[in-house]
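A short write-up of the structure that comes next.
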Amino acid sequence: MGIKTFDIQSTDSLPSFCDPKELTHYKMLLSLAEPSMLIDNVAGTMSAASISNAILPVTINDNAYNTSWVCSPYTAFISYAKLELKKIKSAFIRASLLLLINSFDGLLKKAHIDSVISINNFFLSTNLYPAADLKAEELNKYIQSLVKQYPNHAIVFRSLNEHTNLNLMRELKACGCKLSPSRQVYIFDKGIKGSSSCKGYISDLKLLKNVKGFSLCFNKNITSQDYEQIAHLYRKLYIDKYSIYNPIFNAKYIKHSHETGFIEYAGLRDKNGVLQAIIGCYDRTNITTAPIVGYNTDLPQKIGLYRMLMAYCIERAYTKGYVLNLSSGASEFKMHRGGVPFIEYSAVYTKHLKPLPKFTWQMLWGILSCIVAPIMKRFKL
């Protein structure tokens, strides 16, 4: 089987697709040929690989400081981390972590921490992997081919957790990758917890099914006139309210992700037909996640727009028989609706790097594993 690199601009090397869903991944990959055209705060260039009939987008980054954390380790470890500190109630722990973060700022830049090759990176907060059974031998051959081409770049596989990616994590570890904790995500799976019986979920679903003043619209009812509004609603929540370091998906991104079928949208329209809430679900094999969520934060919270979006997303997953990875954040809300916390990891290969960047990555791994991961669990970051 093996992993094969191919030129996204050349149809001569195009894999044959049996699964129509994988074809949507290829179409979206072509749309992302120049990522910054669709996502305002990302940098880097795109390549790709294929495994069996599945697509693995590959991003190549250098010095992307203070762009989005989905392409910049520096942003994830420094810029975004500083913003996350406000969630920690203990002033002592907050101050101690800020001191630690600031002490690494210069070192990370000197070590060129943003020189990374990210495998299977669609610039989403949660990237989903194909069903292909990747083995250590195949993975190592591919990693070594990248090492020859990019000897100064770390090789990174993001968005791994022990519930949905345990086998892949074991194989990557066998290749010599270090598993570095990155955040805590929330998994909805009837196999591990009966989320459908949680009072919060039941209450939210009842609100959605009896909503007044709004109507639920599905993917087929989303039109080109909605793209700007969807980007606006997403920005109001994920950028204005949460963090400028989240990926800023613009209207062009919404257009391409909708037209290719890469993301399936649903929303709530008001009496005038204007979208006031939106959710976009991304599926791969039997797993789903929601990279696009937004609502009009100026409307009264008692309306429950966010609650209804989450109820729709959870119900959709259960109806389709999917495992739902609802990413990080809003931890209490998600657990009260049946979400189970799992630490998410990045598998990082650094054996080929020069001493300073290799030492820096190893030091980060130690700090994240021994200090940050326990704090993430305690404070539900």
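Chains: A, B, ... in order of the structure tokens. Residues: from 1 per chain. Ligands: from 1, in order shown.
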Please identify every residue of region 56-159 of chain A that has at least one atom no farther than 12 Å from an atom of region 249-255 of chain A, counting only C-alpha atoms, and for each give the shortest atom pair and the distance in Å to one decimal, arranged by chain then increasing number, as JSON lines.
```
{"residue": "A:Ser68", "atom": "CA", "partner": "A:Phe249", "partner_atom": "CA", "distance": 10.8}
{"residue": "A:Phe122", "atom": "CA", "partner": "A:Tyr253", "partner_atom": "CA", "distance": 11.7}
{"residue": "A:Phe123", "atom": "CA", "partner": "A:Phe249", "partner_atom": "CA", "distance": 9.7}
{"residue": "A:Leu124", "atom": "CA", "partner": "A:Phe249", "partner_atom": "CA", "distance": 9.8}
{"residue": "A:Ser125", "atom": "CA", "partner": "A:Phe249", "partner_atom": "CA", "distance": 11.7}
```
* To do: With a distance cut-off of 10 Å and only C-alpha atoms, select the neighbouring residues of Gln362 (chain A), excluding the residue or stretch itself and same-chain residues fewer than 4 positions from it, and output the selection as a PyMOL selection string.
  => chain A and resi 178+180+348+350+356-358+366-368
* To do: Would you please work out which residue, of A:Lys4, A:Lys334, A:Lys351, A:Arg183, is nearest to Lys141 (chain A) when using only C-alpha atoms?
  => A:Lys4
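Near Ser346 (chain A), within 9 Å and counting only C-alpha atoms, sit Val156, Phe157, Arg158, Ser159, Leu160, Asn161, Lys178, Leu179, Ser180, Pro181 and Ser182 of chain A; same-chain residues fewer than 5 positions away were not included.
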Could you turn the residues from that selection into a file that holds N, CA and C atoms, as a PDB file, in the first residue's frame?
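In the end it all went to part07.pdb:
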```
ATOM      1  N   VAL A 156       5.404  16.622  11.823  1.00  0.00           N
ATOM      2  CA  VAL A 156       4.350  16.656  12.847  1.00  0.00           C
ATOM      3  C   VAL A 156       3.054  16.028  12.323  1.00  0.00           C
ATOM      4  N   PHE A 157       2.450  15.182  13.141  1.00  0.00           N
ATOM      5  CA  PHE A 157       1.111  14.644  12.912  1.00  0.00           C
ATOM      6  C   PHE A 157       0.233  15.167  14.046  1.00  0.00           C
ATOM      7  N   ARG A 158      -0.684  16.084  13.754  1.00  0.00           N
ATOM      8  CA  ARG A 158      -1.548  16.680  14.776  1.00  0.00           C
ATOM      9  C   ARG A 158      -2.828  15.864  15.000  1.00  0.00           C
ATOM     10  N   SER A 159      -3.601  16.297  15.999  1.00  0.00           N
ATOM     11  CA  SER A 159      -4.988  15.837  16.211  1.00  0.00           C
ATOM     12  C   SER A 159      -5.112  14.342  16.487  1.00  0.00           C
ATOM     13  N   LEU A 160      -4.302  13.836  17.398  1.00  0.00           N
ATOM     14  CA  LEU A 160      -4.335  12.420  17.753  1.00  0.00           C
ATOM     15  C   LEU A 160      -4.870  12.243  19.175  1.00  0.00           C
ATOM     16  N   ASN A 161      -5.768  11.302  19.372  1.00  0.00           N
ATOM     17  CA  ASN A 161      -6.212  10.965  20.722  1.00  0.00           C
ATOM     18  C   ASN A 161      -6.366   9.455  20.842  1.00  0.00           C
ATOM     19  N   LYS A 178       7.804  11.380  19.086  1.00  0.00           N
ATOM     20  CA  LYS A 178       7.424  11.673  20.463  1.00  0.00           C
ATOM     21  C   LYS A 178       5.973  12.136  20.466  1.00  0.00           C
ATOM     22  N   LEU A 179       5.183  11.632  21.412  1.00  0.00           N
ATOM     23  CA  LEU A 179       3.790  12.038  21.536  1.00  0.00           C
ATOM     24  C   LEU A 179       3.701  13.192  22.518  1.00  0.00           C
ATOM     25  N   SER A 180       3.414  14.373  21.975  1.00  0.00           N
ATOM     26  CA  SER A 180       3.418  15.598  22.761  1.00  0.00           C
ATOM     27  C   SER A 180       1.994  16.067  23.038  1.00  0.00           C
ATOM     28  N   PRO A 181       1.567  16.193  24.309  1.00  0.00           N
ATOM     29  CA  PRO A 181       0.213  16.662  24.617  1.00  0.00           C
ATOM     30  C   PRO A 181      -0.003  18.079  24.096  1.00  0.00           C
ATOM     31  N   SER A 182      -1.186  18.334  23.536  1.00  0.00           N
ATOM     32  CA  SER A 182      -1.461  19.664  23.000  1.00  0.00           C
ATOM     33  C   SER A 182      -2.672  20.337  23.656  1.00  0.00           C
TER      34      SER A 182
END
```
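The closest residue to Leu275 (chain A), picked from A:Phe359, A:Tyr245, A:Phe342, A:Phe218 and counting only C-alpha atoms, is A:Phe218.
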* Selected residue, from A:Ile187, A:Leu208, A:Ala64, A:Ala347, that lies nearest to Ser327 (chain A) when counting only C-alpha atoms ->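 Looking at the shortest contact to Ser327 (chain A), the residue is A:Ile187.
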* Test item: residues at most 9 Å from Leu324 (chain A), only C-alpha atoms, excluding those fewer than 5 positions along its chain, as a list in words ->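 Residues near the query, excluding close chain neighbours: Tyr186, Ile187, Phe188, Asp189, Asn286, Ile287, Thr288, Thr289, Ala290, Cys313, Ile314, Ala317, Tyr318 and Gly339 of chain A.
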* Asked: What is the CA of Pro130 (chain A) to CA of Ile55 (chain A) distance in Å?
  -> 7.8 Å
* DSSP on the backbone, then: every residue of region 59-178 of chain A marked alpha helix (DSSP H), written as an NGL selection string. => :A and (73-74 or 80-84 or 91-110 or 136-149 or 166-174)
Dump N, CA and C atoms for the selected residues as a compact mmCIF listing (two decimals), in the first residue's frame?
```txt
# COMPACT_ATOMS: atom_id res chain seq x y z
N PRO A 73 3.62 26.26 15.48
CA PRO A 73 3.89 25.79 16.84
C PRO A 73 4.22 26.94 17.79
N TYR A 74 4.91 27.98 17.28
CA TYR A 74 5.22 29.13 18.13
C TYR A 74 3.93 29.76 18.67
N TYR A 80 -0.91 31.72 21.82
CA TYR A 80 -2.21 31.17 22.22
C TYR A 80 -2.18 30.73 23.68
N ALA A 81 -1.05 30.17 24.10
CA ALA A 81 -0.93 29.69 25.48
C ALA A 81 -1.14 30.83 26.49
N LYS A 82 -0.64 32.02 26.16
CA LYS A 82 -0.84 33.16 27.06
C LYS A 82 -2.31 33.50 27.22
N LEU A 83 -3.07 33.42 26.14
CA LEU A 83 -4.50 33.69 26.21
C LEU A 83 -5.23 32.64 27.03
N GLU A 84 -4.78 31.39 26.95
CA GLU A 84 -5.43 30.30 27.68
C GLU A 84 -5.24 30.43 29.19
N ALA A 91 -4.06 32.33 40.78
CA ALA A 91 -3.17 33.42 40.37
C ALA A 91 -1.71 32.96 40.39
N PHE A 92 -1.36 32.11 41.36
CA PHE A 92 0.02 31.63 41.46
C PHE A 92 0.39 30.77 40.26
N ILE A 93 -0.49 29.81 39.92
CA ILE A 93 -0.21 28.94 38.77
C ILE A 93 -0.17 29.76 37.48
N ARG A 94 -1.09 30.74 37.38
CA ARG A 94 -1.13 31.61 36.20
C ARG A 94 0.18 32.36 36.03
N ALA A 95 0.65 32.98 37.12
CA ALA A 95 1.88 33.76 37.07
C ALA A 95 3.09 32.88 36.78
N SER A 96 3.11 31.69 37.37
CA SER A 96 4.23 30.77 37.16
C SER A 96 4.31 30.32 35.71
N LEU A 97 3.14 30.00 35.13
CA LEU A 97 3.11 29.56 33.74
C LEU A 97 3.46 30.69 32.79
N LEU A 98 3.03 31.90 33.09
CA LEU A 98 3.38 33.05 32.24
C LEU A 98 4.89 33.27 32.24
N LEU A 99 5.51 33.13 33.40
CA LEU A 99 6.96 33.26 33.49
C LEU A 99 7.64 32.18 32.66
N LEU A 100 7.12 30.96 32.74
CA LEU A 100 7.68 29.85 31.97
C LEU A 100 7.55 30.10 30.48
N ILE A 101 6.36 30.54 30.04
CA ILE A 101 6.12 30.80 28.63
C ILE A 101 7.04 31.90 28.10
N ASN A 102 7.15 32.98 28.86
CA ASN A 102 7.99 34.11 28.43
C ASN A 102 9.46 33.71 28.34
N SER A 103 9.88 32.81 29.22
CA SER A 103 11.29 32.40 29.23
C SER A 103 11.66 31.60 27.98
N PHE A 104 10.66 31.00 27.33
CA PHE A 104 10.92 30.19 26.14
C PHE A 104 10.74 30.96 24.83
N ASP A 105 10.22 32.16 24.90
CA ASP A 105 9.89 32.92 23.69
C ASP A 105 11.09 33.00 22.74
N GLY A 106 12.18 33.56 23.22
CA GLY A 106 13.36 33.74 22.37
C GLY A 106 13.97 32.43 21.91
N LEU A 107 14.00 31.44 22.81
CA LEU A 107 14.59 30.15 22.47
C LEU A 107 13.85 29.49 21.31
N LEU A 108 12.52 29.53 21.34
CA LEU A 108 11.74 28.89 20.28
C LEU A 108 12.00 29.53 18.93
N LYS A 109 12.17 30.84 18.91
CA LYS A 109 12.49 31.51 17.64
C LYS A 109 13.90 31.17 17.17
N LYS A 110 14.82 31.14 18.12
CA LYS A 110 16.20 30.81 17.76
C LYS A 110 16.31 29.39 17.24
N ALA A 136 4.02 1.12 10.93
CA ALA A 136 5.25 1.84 11.24
C ALA A 136 6.24 1.82 10.07
N GLU A 137 6.36 0.69 9.40
CA GLU A 137 7.30 0.59 8.28
C GLU A 137 6.94 1.57 7.17
N GLU A 138 5.64 1.63 6.81
CA GLU A 138 5.20 2.54 5.76
C GLU A 138 5.36 3.99 6.20
N LEU A 139 4.98 4.28 7.45
CA LEU A 139 5.10 5.63 7.97
C LEU A 139 6.56 6.08 8.01
N ASN A 140 7.44 5.17 8.43
CA ASN A 140 8.84 5.54 8.54
C ASN A 140 9.46 5.82 7.18
N LYS A 141 9.09 5.04 6.16
CA LYS A 141 9.60 5.30 4.80
C LYS A 141 9.19 6.69 4.34
N TYR A 142 7.93 7.04 4.62
CA TYR A 142 7.46 8.36 4.21
C TYR A 142 8.15 9.46 4.99
N ILE A 143 8.29 9.27 6.30
CA ILE A 143 8.97 10.26 7.14
C ILE A 143 10.40 10.47 6.65
N GLN A 144 11.10 9.39 6.35
CA GLN A 144 12.50 9.52 5.91
C GLN A 144 12.60 10.21 4.54
N SER A 145 11.60 10.03 3.69
CA SER A 145 11.61 10.75 2.41
C SER A 145 11.44 12.25 2.64
N LEU A 146 10.64 12.62 3.63
CA LEU A 146 10.48 14.03 3.96
C LEU A 146 11.74 14.59 4.61
N VAL A 147 12.40 13.78 5.42
CA VAL A 147 13.64 14.21 6.08
C VAL A 147 14.70 14.57 5.03
N LYS A 148 14.79 13.76 3.97
CA LYS A 148 15.76 14.04 2.91
C LYS A 148 15.43 15.35 2.19
N GLN A 149 14.13 15.60 2.02
CA GLN A 149 13.71 16.80 1.29
C GLN A 149 13.73 18.04 2.17
N LEU A 166 -5.68 5.41 18.50
CA LEU A 166 -4.73 4.67 19.33
C LEU A 166 -3.73 3.86 18.50
N ASN A 167 -4.20 3.15 17.49
CA ASN A 167 -3.30 2.34 16.67
C ASN A 167 -2.29 3.20 15.92
N LEU A 168 -2.76 4.31 15.36
CA LEU A 168 -1.85 5.21 14.63
C LEU A 168 -0.81 5.80 15.58
N MET A 169 -1.21 6.14 16.80
CA MET A 169 -0.27 6.67 17.78
C MET A 169 0.81 5.65 18.11
N ARG A 170 0.43 4.38 18.25
CA ARG A 170 1.40 3.32 18.53
C ARG A 170 2.39 3.17 17.39
N GLU A 171 1.89 3.21 16.16
CA GLU A 171 2.77 3.04 14.99
C GLU A 171 3.72 4.23 14.84
N LEU A 172 3.22 5.43 15.09
CA LEU A 172 4.08 6.62 15.01
C LEU A 172 5.15 6.60 16.10
N LYS A 173 4.77 6.14 17.26
CA LYS A 173 5.75 6.02 18.35
C LYS A 173 6.83 5.01 17.98
N ALA A 174 6.43 3.92 17.30
CA ALA A 174 7.38 2.91 16.86
C ALA A 174 8.35 3.46 15.81
```
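In this comparison, which uses only C-alpha atoms, the residue of A:Val42, A:Ala48, A:Ile155, A:Ile113 approaching Asn63 (chain A) most closely is A:Ile113.
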* May I have all residues of region 160-231 of chain A that DSSP, computed from the backbone, assigns to strand (DSSP E or B), given as a PyMOL selection string? => chain A and resi 160-161+178-188+214-217
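Residue nearest Ile292 (chain A) within the list A:Gly338, A:Gly304, A:Gly267, A:Gly176: A:Gly267 [criterion: smallest interatomic distance, only C-alpha atoms].
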